[in-house]
There are 2 protein chains.
Amino acid sequence: MSEPQVFKKRPGVCVQGLGFVGAAMAIAVAQAKNPDGRPSFDVKGVDLPNKTGKARIRTLNRGRFPFPCSDPKLSAALEAGRKRKNLLCTDDPSVFSSADVVVVDVPFHLNADAERPKPDVDSFRGAIRQVARRVRPGTLVIIESTVPPGTCENIIFPELPSGVLLAHSYERVMPGKDYFDSIVNFWRVYAGHTPEAAGACEKFLSKVVNVKKFPLTRLSSLRASETAKILENSYRAVNIAFMEEWGRFAEKAGIDLFEVVSAIRKRPTHSNIRQPGFGVGGYCLTKDPLLASVGAAGLLGLKKSSFPFSAQAVGLNRRMPLVSVAKARELLGGRLRGKKILLLGVSYRQDVADTRFSPSEVFVKEAVKEGAKVICHDPFVGAWAEMGLRLKKKMPLPGGMDLIVFAVAHEPYAKLDVSKWLSGSRPAVLDANHVLSSAQTEAFRRAGCRIAAIGRGDLA
Amino acid sequence: MSEPQVFKKRPGVCVQGLGFVGAAMAIAVAQAKNPDGRPSFDVKGVDLPNKTGKARIRTLNRGRFPFPCSDPKLSAALEAGRKRKNLLCTDDPSVFSSADVVVVDVPFHLNADAERPKPDVDSFRGAIRQVARRVRPGTLVIIESTVPPGTCENIIFPELPSGVLLAHSYERVMPGKDYFDSIVNFWRVYAGHTPEAAGACEKFLSKVVNVKKFPLTRLSSLRASETAKILENSYRAVNIAFMEEWGRFAEKAGIDLFEVVSAIRKRPTHSNIRQPGFGVGGYCLTKDPLLASVGAAGLLGLKKSSFPFSAQAVGLNRRMPLVSVAKARELLGGRLRGKKILLLGVSYRQDVADTRFSPSEVFVKEAVKEGAKVICHDPFVGAWAEMGLRLKKKMPLPGGMDLIVFAVAHEPYAKLDVSKWLSGSRPAVLDANHVLSSAQTEAFRRAGCRIAAIGRGDLA
């Protein structure tokens with residue numbers, strides 16, 4: 001237990017949940033400043049008094065970000081908040097009772113089974129109760145979590161004491177190089193349960209977000225805001241899944257689909273078209289598209305709402321890494337048994353360390369099942385929690401490998417000096433995620449490596 | 001038969017097919033100028049010596065565009081070409097023999113049955129033979145038609161005499177206010193069968209298109225260019241179909257989905273997200289998504305290529321107007337029998353006259369089948385060919401109507417003075433395509449009209 005927490009000089013903000021979103025949000029709120037240059041808020045980051053929560057709190061209070069972080073702006077803002085003493089983290093929920101604003105960043109979990117998505121309402125409601133039983137009337141509670149439509153009205157609101165102002169404003173946090181800016185310098189959507197709550201939320205966000213450059217959008221209802229977030233991520237997931245069929249076609253038809261896609265993207269009306277790839281991972285796109293049907297049926301009583309494209313996309317995206325397994329098999333003469341594969345990249349996205357629902361997991365499990373030995377490497381991942389693996393920091397050499405799979409476009413891979421690294425060895429190569437430049441691809445070919453790529457039939 | 005055509009002073013360009021694309025393309029090519037300000041080409045527009053073809057030729061030669069046209073730039077360029085005498089249309093195919101460039105704008109037809117798409121290869125090949133049996137070696141033949149991947153290599157190339165340069169550069173023509181600019185001031189993709197053909201195509205396009213502002217993109221193969229066009233339109237069709245489920249959800253959940261979508265579009269990565277609507281029509285989006293599987297199976301021998309999202313989207317988009325029929329039924333107390341419906345808009349798109357595969361057709365047929373009397377109006381359509389109907393120019397008054405359906409966002413509807421037009425009558429109103437402004441919606445409500453809208457549950 002940390003020392004008791006009270007807000008003294010400034011309006012107090014609690015951020016509940018110090019994961020990828022909440023930890024960064026707490027830092028962003030702490031850096032908000034009044035026109036006179038003085039900090040707008042005293043910020044308390046709150047997490048659970050369990051092992052994970054305590055570790056995050058301790059790390060943040062020492063001025064370090066609790067996850068690998070490649071954004072210098074975020075690290076600098078954390079350090080500044082610590083020096084300024086307006087950012088402190090704690091596992092003591094009693095701070096909620098003196099907060100003026102509570103920002104909720106606890107996750108709403110769902111087992112992401114596309115056919116039978118099952119929400120974990122109880123643990124989310126439990127977290128909300130931690131806040132609800134302590135906040136005072138007049139406090140603004142902002143839900144940033146991605147939740148099924150209807151959650152704010154039907155699960156959260158009934159828990160809150162009367163007089164509390166409830167708002168929803170979903171986060172669009174993107175870990176990586178622009179982690180901090182994805183909060184502070186980015187568009188925001190919000191809605192309030194009442195006009196008063198919407199107004200309070202607007203006032204708060206206007207201090208945290210650069211609203212001059214990125215104006216806020218107010219929506220008419222909490223469920224509109226909840227829906228907006230899910231629709232955003234469903235759109236993304238469906239557009240990734242849509243490209244799958246085109247990738248397979250391009251490979252068979254001898255076309256470089258990346259060349260085609262970049263020609264199409266020149267049209268502004270088509271700039272969001274996606275590319276084929278290795279798979280879809282992370283905490284959001286793998287489950288969010290299923291939240292709409294969960295909310296419709298479970299919270300809003302709309303039994304007949306079906307979201308066929310979204311469900312299809314989630315299933316298809318999850319199976320996507322198996323296409324790379326099949327390509328690996330092809331490159332290795334029809335079977336994986338006894339083959340040594342070097343898999344480069346295990347996180348779900350380039351230049352981040354997050355391995356949740358990573359497509360590499362699907363790849364490794366299948367390849368191992370088929371009898372391959374898979375050596376994994378990721379410049380950002382030391383311990384791969386989901387697989388219970390410790391990875392060596394140094395990039396393994398290709399000697400003795402039958403196949404190299406480039407799975408994630410981490411910068412060190414994109415900068416790899418191919419011929420130096422190969423130093424005479426000639427493994428087969430699969431570029432599963434458009435990682436290699438044309439010069440690197442050419443270097444592998446010149447060295448005599450057989451090479452194939454997802455979405456490209458022009459290499460055969 | 002017109003007088004025999006020969007090119008004299010300048011390089012000669014034939015545009016084959018004077019439909020929505022070819023007629024505009026012929027005008028665009030005729031306005032191309034050399035650096036000294038003199039016209040680059042002598043242009044002959046060529047169509048068939050049948051009734052439709054002859055009518056188009058006659059109309060163009062009189063300086064009028066053969067289709068209703070709301071773009072003053074296009075009309076002006078036509079008039080200038082006629083005065084300059086470097087644009088003349090004909091039904092005499094012998095002009096192909098003296099052409100330096102032939103631009104092919106004849107359609108590749110497909111019965112757009114999503115389950116069993118059946119291409120009409122014979123009539124397309126017939127048109128190609130008209131050119132192929134006449135062109136000289138050295139002539140550049142540019143295919144602008146949207147065709148299944150493999151068509152240029154496997155259907156067109158074998159017909160051409162040796163020495164002819166074959167290229168594919170698909171059109172992105174968009175009738176409406178920016179008709180002319182959609183050719184001249186827009187991005188272009190192209191590919192050649194040989195580097196020489198690609199080079200010749202680039203040289204030609206650089207004279208017609210404003211390439212300084214809209215640089216050309218060269219692709220590696222004809223089939224890559226063919227695929228790019230189909231992928232573009234499939235992307236669009238799938239993204240429209242994707243929104244369907246969200247529209248239904250919003251209506252039931254009491255959400256205004258247009259508000260949500262416009263909040264989401266602020267993110268540049270999500271700017272292409274579509275809205276729910278009345279349906280998808282026109283010649284392209286209703287069939288193009290099926291051309292990939294036609295090309296894969298029929299021309300490239302790739303039996304296993306399936307495009308599930310595309311096929312699903314085509315089917316779903318075609319059935320979309322039935323949702324508006326169901327809403328009409330709801331608004332009218334459960335059945336349409338004996339009800340009078342005024343349908344506003346029958347073309348497939350705002351501010352154009354094209355009624356091919358219009359969603360209004362599906363709506364009218366179903367509503368009539370259910371016993372309704374449907375009166376149609378469209379400010380751009382005098383004769384609705386597909387339905388064999390003549391429409392009155394003047395907008396009907398709502399008196400005596402049970403329901404008004406706004407189906408197409410034509411400008412005159414968006415500018416309608418609601419209370420003046422109603423003048424005391426109180427029909428039900430369905431805004432099926434986000435046609436009405438909030439002021440117009442409010443005016444209908446104030447007048448006592450029951451109103452519903454596709455994609456909006458907040459009006460109930």
# chains A, B, ... in the order shown; residues from 1 in each chain; ligands from 1
call {"tool": "interface_residues", "arguments": {"of": "chain B", "to": "chain A", "cutoff": "6 Å", "atoms": "only C-alpha atoms", "output": "ChimeraX atom specification"}}
result
/B:224,228,245,255,260,269,272,307
call {"tool": "write_last_selection", "arguments": {"atoms": "C-alpha atoms", "output": "CSV table (one decimal), in the first residue's frame"}}
result
chain,number,residue,atom,x,y,z
B,224,ALA,CA,-1.8,-5.8,-62.9
B,228,ALA,CA,-6.1,-2.6,-60.2
B,245,GLU,CA,-25.5,-3.9,-41.1
B,255,ILE,CA,-28.5,6.3,-33.3
B,260,VAL,CA,-21.1,8.8,-36.2
B,269,THR,CA,-7.0,6.4,-42.0
B,272,ASN,CA,-13.0,6.4,-47.0
B,307,PHE,CA,-13.6,-13.6,-53.7
call {"tool": "select_by_dssp", "arguments": {"residues": "segment 64-276 of chain B", "states": "strand (DSSP E)", "output": "JSON, numbers by chain"}}
result
{"B": [87, 88, 89, 90, 101, 102, 103, 104, 110, 111, 118, 119, 140, 141, 142, 143, 165, 166, 167, 168, 188, 189, 190, 191, 192, 216, 217, 218]}
call {"tool": "write_last_selection", "arguments": {"atoms": "C-alpha atoms", "output": "mmCIF file, in the first residue's frame"}}
result
data_model
loop_
_atom_site.group_PDB
_atom_site.id
_atom_site.type_symbol
_atom_site.label_atom_id
_atom_site.label_comp_id
_atom_site.auth_asym_id
_atom_site.auth_seq_id
_atom_site.Cartn_x
_atom_site.Cartn_y
_atom_site.Cartn_z
ATOM 1 C CA LEU B 87 -12.962 16.220 -83.361
ATOM 2 C CA LEU B 88 -15.300 14.373 -85.674
ATOM 3 C CA CYS B 89 -17.411 11.297 -85.065
ATOM 4 C CA THR B 90 -18.199 8.523 -87.507
ATOM 5 C CA VAL B 101 -3.561 5.627 -81.456
ATOM 6 C CA VAL B 102 -6.786 3.696 -80.846
ATOM 7 C CA VAL B 103 -8.461 4.119 -77.466
ATOM 8 C CA VAL B 104 -10.925 1.291 -76.778
ATOM 9 C CA LEU B 110 -21.366 -9.418 -67.606
ATOM 10 C CA ASN B 111 -24.663 -10.653 -66.325
ATOM 11 C CA LYS B 118 -21.438 -14.954 -67.044
ATOM 12 C CA PRO B 119 -19.185 -12.769 -69.195
ATOM 13 C CA LEU B 140 -0.785 2.121 -80.058
ATOM 14 C CA VAL B 141 -3.984 0.430 -78.843
ATOM 15 C CA ILE B 142 -5.022 1.500 -75.338
ATOM 16 C CA ILE B 143 -7.728 -0.509 -73.606
ATOM 17 C CA LEU B 165 1.583 -1.750 -79.306
ATOM 18 C CA LEU B 166 -0.935 -2.870 -76.678
ATOM 19 C CA ALA B 167 -1.497 -1.009 -73.406
ATOM 20 C CA HIS B 168 -4.113 -0.958 -70.657
ATOM 21 C CA ARG B 188 -4.041 7.521 -64.053
ATOM 22 C CA VAL B 189 -2.644 4.012 -63.989
ATOM 23 C CA TYR B 190 -1.299 2.237 -67.065
ATOM 24 C CA ALA B 191 0.754 -0.726 -68.214
ATOM 25 C CA GLY B 192 2.099 -1.944 -71.533
ATOM 26 C CA LEU B 216 0.910 8.719 -63.915
ATOM 27 C CA THR B 217 1.574 5.360 -62.278
ATOM 28 C CA ARG B 218 3.109 2.647 -64.442
#
call {"tool": "residues_around", "arguments": {"residues": "Arg58 of chain A", "least_positions_apart": "5", "cutoff": "10 Å", "atoms": "only C-alpha atoms", "output": "ChimeraX atom specification"}}
result
/A:2,53,63-66,88-91
call {"tool": "write_last_selection", "arguments": {"atoms": "C-alpha atoms", "output": "CSV table (one decimal), in the first residue's frame"}}
result
chain,number,residue,atom,x,y,z
A,2,SER,CA,1.3,3.4,-1.0
A,53,GLY,CA,-0.6,-3.5,-11.0
A,63,GLY,CA,9.9,7.7,-13.9
A,64,ARG,CA,10.0,4.8,-16.3
A,65,PHE,CA,7.2,3.7,-18.6
A,66,PRO,CA,5.9,0.3,-17.7
A,88,LEU,CA,1.8,9.9,-8.9
A,89,CYS,CA,0.5,6.3,-9.1
A,90,THR,CA,-1.1,4.3,-6.4
A,91,ASP,CA,-3.1,1.1,-5.7
call {"tool": "residues_around", "arguments": {"residues": "Arg445 of chain B", "least_positions_apart": "4", "cutoff": "12 Å", "atoms": "only C-alpha atoms", "output": "ChimeraX atom specification"}}
result
/B:418-419,422,426-430,438-441,449-452,459-460
call {"tool": "atom_distance", "arguments": {"atom1": "atom CA of Ala453 of chain A", "atom2": "atom CA of Met401 of chain A"}}
result
17.9 Å
